Each structure stands twice: as C-alpha cells, then as structure tokens.
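Asker: The file below is my_file-v8.tsv, TSV, C-alpha atoms:
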```tsv
chain	number	residue	atom	x	y	z
A	978	MET	CA	-50.31	71.93	60.36
A	979	PRO	CA	-52.79	70.99	57.59
A	980	GLU	CA	-53.81	67.36	57.33
A	981	ILE	CA	-51.73	65.42	54.78
A	982	LYS	CA	-53.47	62.79	52.66
A	983	PHE	CA	-51.60	59.52	52.45
A	984	ASP	CA	-50.29	58.61	48.98
A	985	MET	CA	-49.87	54.82	48.60
A	986	GLY	CA	-47.80	55.00	45.41
A	987	ALA	CA	-45.34	57.48	46.86
A	988	ALA	CA	-44.99	55.43	50.04
A	989	TRP	CA	-44.18	52.27	48.10
A	990	ASN	CA	-41.68	54.00	45.78
A	991	ASP	CA	-39.95	55.77	48.65
A	992	GLY	CA	-39.90	52.61	50.75
A	993	VAL	CA	-38.24	50.60	47.98
A	994	ALA	CA	-35.74	53.43	47.41
A	995	LEU	CA	-34.96	53.52	51.11
A	996	THR	CA	-33.87	49.87	51.14
A	997	ARG	CA	-30.92	50.90	48.96
A	998	MET	CA	-29.59	53.34	51.56
A	999	HIS	CA	-26.75	51.95	53.71
A	1000	ARG	CA	-27.47	48.56	52.14
A	1001	PRO	CA	-24.30	46.76	53.38
A	1002	LEU	CA	-24.74	48.12	56.92
A	1003	VAL	CA	-28.45	47.33	57.03
A	1004	ALA	CA	-27.78	43.85	55.64
A	1005	THR	CA	-25.21	43.23	58.38
A	1006	LEU	CA	-27.57	44.37	61.14
A	1007	ALA	CA	-30.45	42.36	59.68
A	1008	GLY	CA	-28.27	39.29	59.28
A	1009	VAL	CA	-26.95	39.32	62.84
A	1010	PHE	CA	-30.01	40.54	64.74
A	1011	LEU	CA	-32.95	39.37	62.59
A	1012	PHE	CA	-31.84	36.37	60.54
A	1013	LEU	CA	-29.70	34.49	63.07
A	1014	PRO	CA	-32.14	34.73	66.02
A	1015	GLN	CA	-35.05	33.62	63.83
A	1016	LEU	CA	-32.98	30.76	62.46
A	1017	ALA	CA	-32.06	29.69	65.99
A	1018	VAL	CA	-35.74	29.64	67.00
A	1019	GLY	CA	-36.63	27.74	63.83
A	1020	LEU	CA	-34.02	25.08	64.57
A	1021	LEU	CA	-34.17	24.94	68.38
A	1022	GLY	CA	-37.72	26.11	69.14
A	1023	PRO	CA	-40.81	23.95	69.61
A	1024	GLY	CA	-41.65	23.87	65.91
A	1025	ASP	CA	-45.22	23.77	64.65
A	1026	PRO	CA	-48.19	22.83	66.87
A	1027	ALA	CA	-48.62	19.07	67.15
A	1028	ILE	CA	-52.13	18.38	65.81
A	1029	ALA	CA	-53.11	14.77	65.24
A	1030	PRO	CA	-55.22	13.84	62.19
A	1031	GLY	CA	-58.91	13.94	63.02
A	1032	ALA	CA	-58.35	16.03	66.16
A	1033	THR	CA	-61.37	17.64	67.76
A	1034	ILE	CA	-61.72	21.38	68.31
A	1035	ASP	CA	-60.81	20.98	71.98
A	1036	GLN	CA	-57.71	18.99	71.04
A	1037	ILE	CA	-56.68	21.61	68.47
A	1038	ILE	CA	-57.11	24.39	71.03
A	1039	ALA	CA	-55.11	22.40	73.57
A	1040	ALA	CA	-52.33	21.81	71.03
A	1041	PHE	CA	-52.12	25.50	70.14
A	1042	THR	CA	-52.18	26.46	73.81
A	1043	ALA	CA	-49.30	24.11	74.58
A	1044	TRP	CA	-47.37	25.41	71.57
A	1045	ALA	CA	-47.96	29.05	72.57
A	1046	ASN	CA	-46.72	28.36	76.10
A	1047	ALA	CA	-43.60	26.68	74.74
A	1048	MET	CA	-42.98	29.52	72.27
A	1049	LEU	CA	-43.47	32.37	74.74
A	1050	PRO	CA	-39.85	32.55	76.00
A	1051	TYR	CA	-38.56	32.50	72.43
A	1052	LEU	CA	-41.00	35.21	71.37
A	1053	LEU	CA	-39.95	37.44	74.25
A	1054	VAL	CA	-36.28	37.11	73.30
A	1055	LEU	CA	-37.08	37.73	69.62
A	1056	THR	CA	-39.12	40.82	70.55
A	1057	VAL	CA	-36.18	42.38	72.39
A	1058	ILE	CA	-33.61	41.51	69.74
A	1059	SER	CA	-35.81	42.63	66.83
A	1060	ALA	CA	-36.65	45.89	68.65
A	1061	PHE	CA	-32.93	46.61	68.98
A	1062	ALA	CA	-32.25	45.75	65.33
A	1063	SER	CA	-35.20	47.83	64.16
A	1064	GLN	CA	-34.09	50.88	66.14
A	1065	ALA	CA	-30.53	50.59	64.80
A	1066	ILE	CA	-31.69	50.26	61.19
A	1067	LEU	CA	-34.21	53.07	61.58
A	1068	LYS	CA	-31.51	55.29	63.04
A	1069	LEU	CA	-29.26	54.63	60.04
A	1070	TRP	CA	-32.06	55.71	57.72
A	1071	LEU	CA	-33.37	58.68	59.70
A	1072	ALA	CA	-30.21	60.25	61.11
A	1073	PRO	CA	-28.20	62.90	59.23
A	1074	PRO	CA	-25.63	61.55	56.74
A	1075	GLY	CA	-22.42	60.25	58.25
A	1076	ILE	CA	-23.80	58.22	61.14
A	1077	SER	CA	-21.85	55.02	61.78
A	1078	VAL	CA	-23.18	51.57	62.65
A	1079	GLY	CA	-21.64	51.94	66.09
A	1080	GLU	CA	-23.49	55.20	66.70
A	1081	ALA	CA	-26.75	53.72	65.43
A	1082	MET	CA	-26.38	50.67	67.67
A	1083	SER	CA	-25.43	52.78	70.66
A	1084	THR	CA	-28.49	54.98	70.25
A	1085	ALA	CA	-30.68	51.91	69.65
A	1086	LEU	CA	-29.48	50.47	72.95
A	1087	THR	CA	-30.52	53.60	74.85
A	1088	LEU	CA	-33.96	53.45	73.18
A	1089	LEU	CA	-34.45	49.70	73.60
A	1090	VAL	CA	-36.59	49.73	76.76
A	1091	THR	CA	-38.90	52.36	75.29
A	1092	ALA	CA	-39.14	50.45	72.01
A	1093	VAL	CA	-39.97	47.13	73.70
A	1094	ILE	CA	-42.60	48.61	76.02
A	1095	ALA	CA	-44.21	50.56	73.18
A	1096	SER	CA	-44.27	47.40	71.05
A	1097	VAL	CA	-45.89	45.36	73.82
A	1098	LEU	CA	-48.47	48.05	74.63
A	1099	GLY	CA	-49.32	48.56	70.98
A	1100	THR	CA	-49.65	44.81	70.41
A	1101	ILE	CA	-51.96	44.45	73.41
A	1102	ALA	CA	-54.13	47.35	72.22
A	1103	ILE	CA	-54.38	45.92	68.70
A	1104	TYR	CA	-55.10	42.42	70.05
A	1105	LEU	CA	-57.91	43.73	72.23
A	1106	GLY	CA	-59.22	45.60	69.21
A	1107	PHE	CA	-59.31	42.39	67.19
A	1108	LEU	CA	-61.21	40.68	70.00
A	1109	ALA	CA	-63.78	43.47	69.69
A	1110	LEU	CA	-65.11	42.31	66.29
A	1111	ILE	CA	-61.83	42.77	64.32
A	1112	VAL	CA	-62.55	46.25	62.89
A	1113	PRO	CA	-61.20	48.20	65.90
A	1114	GLY	CA	-58.03	46.10	65.74
A	1115	LEU	CA	-57.48	46.98	62.09
A	1116	TYR	CA	-58.02	50.65	62.81
A	1117	LEU	CA	-55.59	50.61	65.74
A	1118	LEU	CA	-53.04	48.84	63.56
A	1119	GLY	CA	-53.13	51.73	61.11
A	1120	ARG	CA	-52.91	54.34	63.84
A	1121	LEU	CA	-50.20	52.81	66.08
A	1122	ALA	CA	-47.86	51.28	63.50
A	1123	PHE	CA	-45.35	54.14	63.54
A	1124	ALA	CA	-44.42	54.33	67.20
A	1125	GLN	CA	-41.08	52.60	66.55
A	1126	VAL	CA	-40.20	55.05	63.78
A	1127	ALA	CA	-41.11	57.99	66.00
A	1128	ILE	CA	-38.90	56.61	68.79
A	1129	ALA	CA	-35.90	56.37	66.47
A	1130	ASP	CA	-36.49	59.72	64.75
A	1131	ARG	CA	-37.26	61.83	67.83
A	1132	GLU	CA	-35.43	59.66	70.38
A	1133	ILE	CA	-38.59	59.48	72.49
A	1134	ARG	CA	-38.06	57.94	75.93
A	1135	ASN	CA	-41.70	57.58	76.94
A	1136	PRO	CA	-43.52	54.64	75.26
A	1137	ILE	CA	-46.93	56.29	75.73
A	1138	ALA	CA	-45.61	59.43	74.04
A	1139	ALA	CA	-44.35	57.27	71.16
A	1140	LEU	CA	-47.78	55.71	70.67
A	1141	GLN	CA	-49.34	59.17	70.89
A	1142	ALA	CA	-46.91	60.44	68.24
A	1143	SER	CA	-48.03	57.66	65.88
A	1144	TRP	CA	-51.68	58.40	66.66
A	1145	ASP	CA	-51.24	62.10	65.93
A	1146	LEU	CA	-49.24	61.46	62.75
A	1147	THR	CA	-51.88	59.19	61.22
A	1148	ARG	CA	-54.93	61.32	62.01
A	1149	GLY	CA	-57.31	61.22	59.03
A	1150	ASN	CA	-55.34	58.46	57.28
A	1151	GLY	CA	-55.88	55.40	59.47
A	1152	TRP	CA	-58.01	53.42	57.03
A	1153	ARG	CA	-55.86	54.36	54.01
A	1154	ILE	CA	-52.82	53.02	55.83
A	1155	VAL	CA	-54.66	49.83	56.82
A	1156	GLY	CA	-55.71	49.29	53.20
A	1157	PHE	CA	-52.15	49.81	51.98
A	1158	LEU	CA	-50.66	47.41	54.55
A	1159	PHE	CA	-53.39	44.89	53.75
A	1160	LEU	CA	-52.51	44.99	50.04
A	1161	ILE	CA	-48.84	44.47	50.83
A	1162	ALA	CA	-49.70	41.59	53.15
A	1163	ILE	CA	-51.77	39.90	50.41
A	1164	VAL	CA	-48.97	40.21	47.85
A	1165	ILE	CA	-46.32	38.96	50.27
A	1166	GLY	CA	-48.58	36.13	51.41
A	1167	ILE	CA	-49.21	34.95	47.85
A	1168	LEU	CA	-45.50	35.09	47.00
A	1169	LEU	CA	-44.57	33.17	50.13
A	1170	LEU	CA	-47.26	30.57	49.46
A	1171	LEU	CA	-46.08	30.00	45.90
A	1172	ALA	CA	-42.43	29.95	46.93
A	1173	GLY	CA	-43.21	27.55	49.76
A	1174	MET	CA	-45.03	25.15	47.43
A	1175	VAL	CA	-42.30	25.18	44.77
A	1176	ILE	CA	-39.13	25.52	46.84
A	1177	GLY	CA	-40.42	23.44	49.74
A	1178	GLY	CA	-41.28	20.58	47.42
A	1179	LEU	CA	-37.94	20.72	45.60
A	1180	VAL	CA	-35.91	20.95	48.82
A	1181	GLY	CA	-37.78	18.03	50.35
A	1182	LEU	CA	-37.32	15.95	47.20
A	1183	VAL	CA	-33.61	16.69	46.74
A	1184	LEU	CA	-32.30	16.93	50.31
A	1185	GLY	CA	-34.47	14.47	52.18
A	1186	SER	CA	-33.65	14.50	55.90
A	1187	ALA	CA	-31.62	17.71	55.58
A	1188	ALA	CA	-34.65	19.59	54.22
A	1189	PRO	CA	-35.89	20.96	57.59
A	1190	VAL	CA	-32.59	22.76	58.19
A	1191	VAL	CA	-32.51	24.29	54.71
A	1192	LEU	CA	-36.17	25.30	54.97
A	1193	ALA	CA	-35.50	26.93	58.35
A	1194	VAL	CA	-32.66	28.93	56.77
A	1195	LEU	CA	-34.87	30.03	53.87
A	1196	GLU	CA	-37.75	30.94	56.18
A	1197	ALA	CA	-35.50	33.03	58.44
A	1198	ALA	CA	-33.99	34.77	55.40
A	1199	ALA	CA	-37.42	35.54	53.94
A	1200	ASN	CA	-38.72	36.87	57.26
A	1201	SER	CA	-35.64	39.10	57.64
A	1202	ILE	CA	-35.98	40.55	54.14
A	1203	ILE	CA	-39.69	41.19	54.65
A	1204	GLY	CA	-38.95	42.78	58.03
A	1205	VAL	CA	-36.47	45.24	56.51
A	1206	LEU	CA	-38.84	46.05	53.63
A	1207	MET	CA	-41.71	46.75	56.04
A	1208	LEU	CA	-39.47	48.98	58.16
A	1209	ALA	CA	-38.60	50.95	55.03
A	1210	ILE	CA	-42.27	51.33	54.12
A	1211	TYR	CA	-43.10	52.49	57.65
A	1212	VAL	CA	-40.36	55.11	57.40
A	1213	ALA	CA	-41.65	56.22	53.99
A	1214	ILE	CA	-45.18	56.65	55.36
A	1215	TYR	CA	-43.85	58.41	58.47
A	1216	ARG	CA	-41.80	60.88	56.45
A	1217	GLN	CA	-44.66	61.52	54.04
A	1218	LEU	CA	-47.17	62.24	56.81
A	1219	SER	CA	-44.60	64.36	58.64
A	1220	GLY	CA	-44.68	66.73	55.68
A	1221	VAL	CA	-41.13	66.15	54.47
A	1222	GLY	CA	-42.29	66.01	50.86
A	1223	ARG	CA	-42.29	63.35	48.18
A	1224	GLU	CA	-39.45	64.51	45.96
A	1225	GLY	CA	-35.97	63.70	47.15
A	1226	ILE	CA	-37.15	62.37	50.50
A	1227	PHE	CA	-34.31	59.89	50.73
A	1228	ALA	CA	-31.76	61.59	48.52
```
Written as structure tokens, that's how I'd like the structure from this file.
Answerer:
Amino acid sequence: MPEIKFDMGAAWNDGVALTRMHRPLVATLAGVFLFLPQLAVGLLGPGDPAIAPGATIDQIIAAFTAWANAMLPYLLVLTVISAFASQAILKLWLAPPGISVGEAMSTALTLLVTAVIASVLGTIAIYLGFLALIVPGLYLLGRLAFAQVAIADREIRNPIAALQASWDLTRGNGWRIVGFLFLIAIVIGILLLLAGMVIGGLVGLVLGSAAPVVLAVLEAAANSIIGVLMLAIYVAIYRQLSGVGREGIFA
C-alpha cells in the first residue's frame, strides 16, 4: 500500500463532522462515563497540590509527590472508565450503520482489558521518551496515538498488536501528526485559559462559597467535550491514513 500523506485540513473537517454522528448517543455515553467520573474526582479527590507561598524547590517537589500519590487511585479508576467510554463511542462511529448503544457498550466491555493495557503501555513509552530529552516523547506520541481507534475498529485483543497497528498506520507521518496535535493543544489551551479567567472570576464573584462546585462542574464538562472532540479527530486521522478517502468518509 503506498504511503499516504497526512492532510491536516481534511482531518480537522472530518473530525468536526464526525462529532455530529450519533450525537445524542455519544452525549449520553460521554455524560455518564466521562463527565460524571471527572466531576466526582473534582469534588471528592485531593484537589490541587498544596504549595505554600515562598516554598522551596524541595518543598514543591514534596507537595507534588504527595498529591500524585493521593491522586493515583483516582487516576486508575478514571483510566478504566474513560477507556470503556472511548471504546463505546469509537464503536458507534466506526461500526456499520445500525449499531445500538447496547451493542457498542457490550463490545467495548470485551475490549476493555486490551484498551487499558495498551493505554498504560503507550503512556509509559511516551513518558520515557519525554525523559529522553522530550523529542522522542513527541515522536512516540504521534506514532502511538491511534492504538485505541485500531482496537475499536479491528477489535484487536492484543495490546502490543494495537500499538503496532498505530505505528504502522502513521509511518512517514509522525511529525505531521505531532504538529497538528500541538496546534490543537495550543488553541484549546488558550481558549481554556481565557474562559477560566473570565468565567472563573465571574463565578467566584457571584457565587462565593458555592463557586468551587460550579467550577468543578464546568471543568468536568469542558474536559468531556474536549475528550470527545479529540476522539473524533483521532478517528478522522485513522480513517484518512487507512486510505478510506476524504470525500464522504463519514457520510
């Protein structure tokens, strides 16, 4: 199969179009399995690291270490739940027309162990790459980002095979994909920063002591929406590099 060059514009357009498919069903899955768990962690979790004003570097490191240890159980639970939600949503988008939410969830459950292990292995590989002067981590991010989509599309049961499928799919396009994801991250980051400054200030001013709860709700909602959008973009890139074609990909 000839190498396919990644088209950023087509990926963005197709990803946005994909978010309109099965919108009520996807919104329900995202609400139950992405929004609610993140909201629960936001309200019941350890919160932000406790760093005192004027803290030394050692004290800051100690504070982040303590926070990471406290967050670990929550992160593990979120990883499993989000992997299930992602597989169900991906199945709705990738399966032939007519698939029900029940069928998507049932298939996602059978793929859950593979999805979680592939996610953990990919995260470890990318983390080690970032430790090795950052550049290898960025490259691995571009090459391994589509394991979850491959699992849902091909119903792969071997996590190593899923990572290999992503690696094969992105051959020759790793840096293009990294650049595209980096641009999206910058835009989303700027929007979140501006929204946080404006909305956070207004909520704190108007609601007072109730502000943390409202802000936790808004943060969980924003993270869920971004999560679904990124899933759609990953599917768009996956389909494009699989050679499906740009026109009518998600018709």
Asker: Just give me the residues with any atom within 9 Å of (-28.6, 53.5, 68.3), file coordinates, counting all atoms listed in the file, written as a PyMOL selection string.
Answerer: chain A and resi 1061+1064-1069+1078-1089+1129
Asker: Produce a file of the selected residues containing C-alpha atoms, as a tab-separated table (two decimals), in the coordinates of the input.
Answerer:
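Produced file again.tsv, reproduced below:
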```tsv
chain	number	residue	atom	x	y	z
A	1061	PHE	CA	-32.93	46.61	68.98
A	1064	GLN	CA	-34.09	50.88	66.14
A	1065	ALA	CA	-30.53	50.59	64.80
A	1066	ILE	CA	-31.69	50.26	61.19
A	1067	LEU	CA	-34.21	53.07	61.58
A	1068	LYS	CA	-31.51	55.29	63.04
A	1069	LEU	CA	-29.26	54.63	60.04
A	1078	VAL	CA	-23.18	51.57	62.65
A	1079	GLY	CA	-21.64	51.94	66.09
A	1080	GLU	CA	-23.49	55.20	66.70
A	1081	ALA	CA	-26.75	53.72	65.43
A	1082	MET	CA	-26.38	50.67	67.67
A	1083	SER	CA	-25.43	52.78	70.66
A	1084	THR	CA	-28.49	54.98	70.25
A	1085	ALA	CA	-30.68	51.91	69.65
A	1086	LEU	CA	-29.48	50.47	72.95
A	1087	THR	CA	-30.52	53.60	74.85
A	1088	LEU	CA	-33.96	53.45	73.18
A	1089	LEU	CA	-34.45	49.70	73.60
A	1129	ALA	CA	-35.90	56.37	66.47
```
Asker: Could you pull the residues within 6 Å of region 1192-1200 of chain A, counting all atoms listed in the file, minus those fewer than 3 positions along the same chain, as a PyMOL selection string?
Answerer: chain A and resi 1012+1015-1016+1019+1188-1189+1203-1204
Asker: Using CA of Gly1075 (chain A) and CA of Val1205 (chain A) as the two end points, give the distance in Å to one decimal.
Answerer: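 The value is 20.6 Å.
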Asker: Calculate how many Å separate CA of Val1054 (chain A) from CA of Val1097 (chain A), rounding to one decimal.
Answerer: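 If I compute the distance from CA of Val1054 (chain A) to CA of Val1097 (chain A), I get 12.7 Å.
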Asker: Hey, what's within 8 Å of Leu1140 (chain A) if we count all atoms listed in the file and toss same-chain stuff fewer than 2 positions away? As a list in words, please?
Answerer: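 Near Leu1140 (chain A), the qualifying residues are Ala1095, Gly1099, Leu1121, Phe1123, Ala1124, Pro1136, Ile1137, Ala1138, Ala1142, Ser1143 and Trp1144 of chain A.
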Asker: Of the candidates A:Val1191, A:Trp989, A:Ala1062, A:Val1018, which one gets nearest to Leu1179 (chain A) if we count all atoms listed in the file?
Answerer: A:Val1191
Asker: In Å, rounded to a single decimal, give me how far CA of Pro1023 (chain A) is from CA of Leu1049 (chain A).
Answerer: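 About the pair CA of Leu1049 (chain A) and CA of Pro1023 (chain A): they are 10.2 Å apart.
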Asker: Please provide as a ChimeraX atom specification all residues within 8 Å of region 1155-1171 of chain A, with the sequence filter that same-chain residues fewer than 4 positions apart are discarded (counting all atoms listed in the file).
Answerer: /A:985,1115-1116,1118-1119,1151,1175
Asker: List the neighbours of Ser1219 (chain A) out to 7 Å using all atoms listed in the file; skip same-chain residues closer than 3 positions along the sequence, and give me the result as a VMD selection string.
Answerer: chain A and resid 1146 1215 to 1216
Asker: Would you pick out the contacts of Val993 (chain A) at 10 Å or less, using only C-alpha atoms, so that residues sharing its chain but fewer than 5 positions from it are not included, and give the list as a ChimeraX atom specification?
Answerer: /A:987-988,998,1206-1207,1209-1210,1213
Asker: Would you mind telling me which residue in A:Ile1133, A:Leu1013, A:Ala1139, A:Val1190 lies nearest to Leu1098 (chain A) when using only C-alpha atoms?
Answerer: A:Ala1139
Asker: For each of A:Val1126, A:Val1212, A:Leu1218, A:Met1174, take the minimum atom-to-atom distance to Gly1149 (chain A), counting all atoms listed in the file, then give the residue where this is smallest.
Answerer: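 Of A:Val1126, A:Val1212, A:Leu1218, A:Met1174, the one nearest Gly1149 (chain A) is A:Leu1218, counting all atoms listed in the file.
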Asker: I'd like to know which of A:Ile1034, A:Ala1127, A:Ile1176, A:Ile1202 is closest to Leu1071 (chain A), using all atoms listed in the file.
Answerer: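 Ranking A:Ile1034, A:Ala1127, A:Ile1176, A:Ile1202 by distance to Leu1071 (chain A), first place goes to A:Ala1127.
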Asker: Under the rule that only C-alpha atoms are counted, which of A:Ala1043, A:Ile1028, A:Leu1208, A:Met1048 is the nearest residue to Trp1070 (chain A)?
Answerer: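 Distance minimum relative to Trp1070 (chain A) lands on A:Leu1208.
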Asker: Should you be able to, write region 1157-1170 of chain A of this structure into a file that contains N, CA and C atoms, as an mmCIF file, in the first residue's frame.
Answerer:
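For reference, result39.cif as written:
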```cif
data_model
loop_
_atom_site.group_PDB
_atom_site.id
_atom_site.type_symbol
_atom_site.label_atom_id
_atom_site.label_comp_id
_atom_site.auth_asym_id
_atom_site.auth_seq_id
_atom_site.Cartn_x
_atom_site.Cartn_y
_atom_site.Cartn_z
ATOM 1 N N PHE A 1157 0.143 18.766 14.157
ATOM 2 C CA PHE A 1157 -1.299 19.005 14.145
ATOM 3 C C PHE A 1157 -1.867 18.968 15.557
ATOM 4 N N LEU A 1158 -1.510 17.943 16.329
ATOM 5 C CA LEU A 1158 -1.994 17.827 17.701
ATOM 6 C C LEU A 1158 -1.485 18.976 18.563
ATOM 7 N N PHE A 1159 -0.263 19.421 18.285
ATOM 8 C CA PHE A 1159 0.301 20.538 19.037
ATOM 9 C C PHE A 1159 -0.483 21.816 18.765
ATOM 10 N N LEU A 1160 -0.852 22.055 17.510
ATOM 11 C CA LEU A 1160 -1.647 23.228 17.170
ATOM 12 C C LEU A 1160 -3.002 23.193 17.861
ATOM 13 N N ILE A 1161 -3.629 22.023 17.857
ATOM 14 C CA ILE A 1161 -4.922 21.892 18.532
ATOM 15 C C ILE A 1161 -4.771 22.149 20.024
ATOM 16 N N ALA A 1162 -3.700 21.602 20.617
ATOM 17 C CA ALA A 1162 -3.473 21.793 22.047
ATOM 18 C C ALA A 1162 -3.288 23.269 22.389
ATOM 19 N N ILE A 1163 -2.582 24.006 21.530
ATOM 20 C CA ILE A 1163 -2.369 25.439 21.768
ATOM 21 C C ILE A 1163 -3.700 26.182 21.739
ATOM 22 N N VAL A 1164 -4.513 25.911 20.717
ATOM 23 C CA VAL A 1164 -5.804 26.590 20.588
ATOM 24 C C VAL A 1164 -6.694 26.279 21.782
ATOM 25 N N ILE A 1165 -6.791 24.994 22.130
ATOM 26 C CA ILE A 1165 -7.626 24.604 23.267
ATOM 27 C C ILE A 1165 -7.098 25.225 24.559
ATOM 28 N N GLY A 1166 -5.781 25.223 24.725
ATOM 29 C CA GLY A 1166 -5.193 25.796 25.925
ATOM 30 C C GLY A 1166 -5.495 27.280 26.068
ATOM 31 N N ILE A 1167 -5.402 28.015 24.966
ATOM 32 C CA ILE A 1167 -5.694 29.454 25.003
ATOM 33 C C ILE A 1167 -7.169 29.691 25.346
ATOM 34 N N LEU A 1168 -8.050 28.926 24.702
ATOM 35 C CA LEU A 1168 -9.480 29.074 24.971
ATOM 36 C C LEU A 1168 -9.816 28.757 26.423
ATOM 37 N N LEU A 1169 -9.216 27.694 26.954
ATOM 38 C CA LEU A 1169 -9.473 27.333 28.343
ATOM 39 C C LEU A 1169 -8.928 28.386 29.299
ATOM 40 N N LEU A 1170 -7.757 28.931 28.962
ATOM 41 C CA LEU A 1170 -7.171 29.969 29.813
ATOM 42 C C LEU A 1170 -8.054 31.211 29.857
#
```
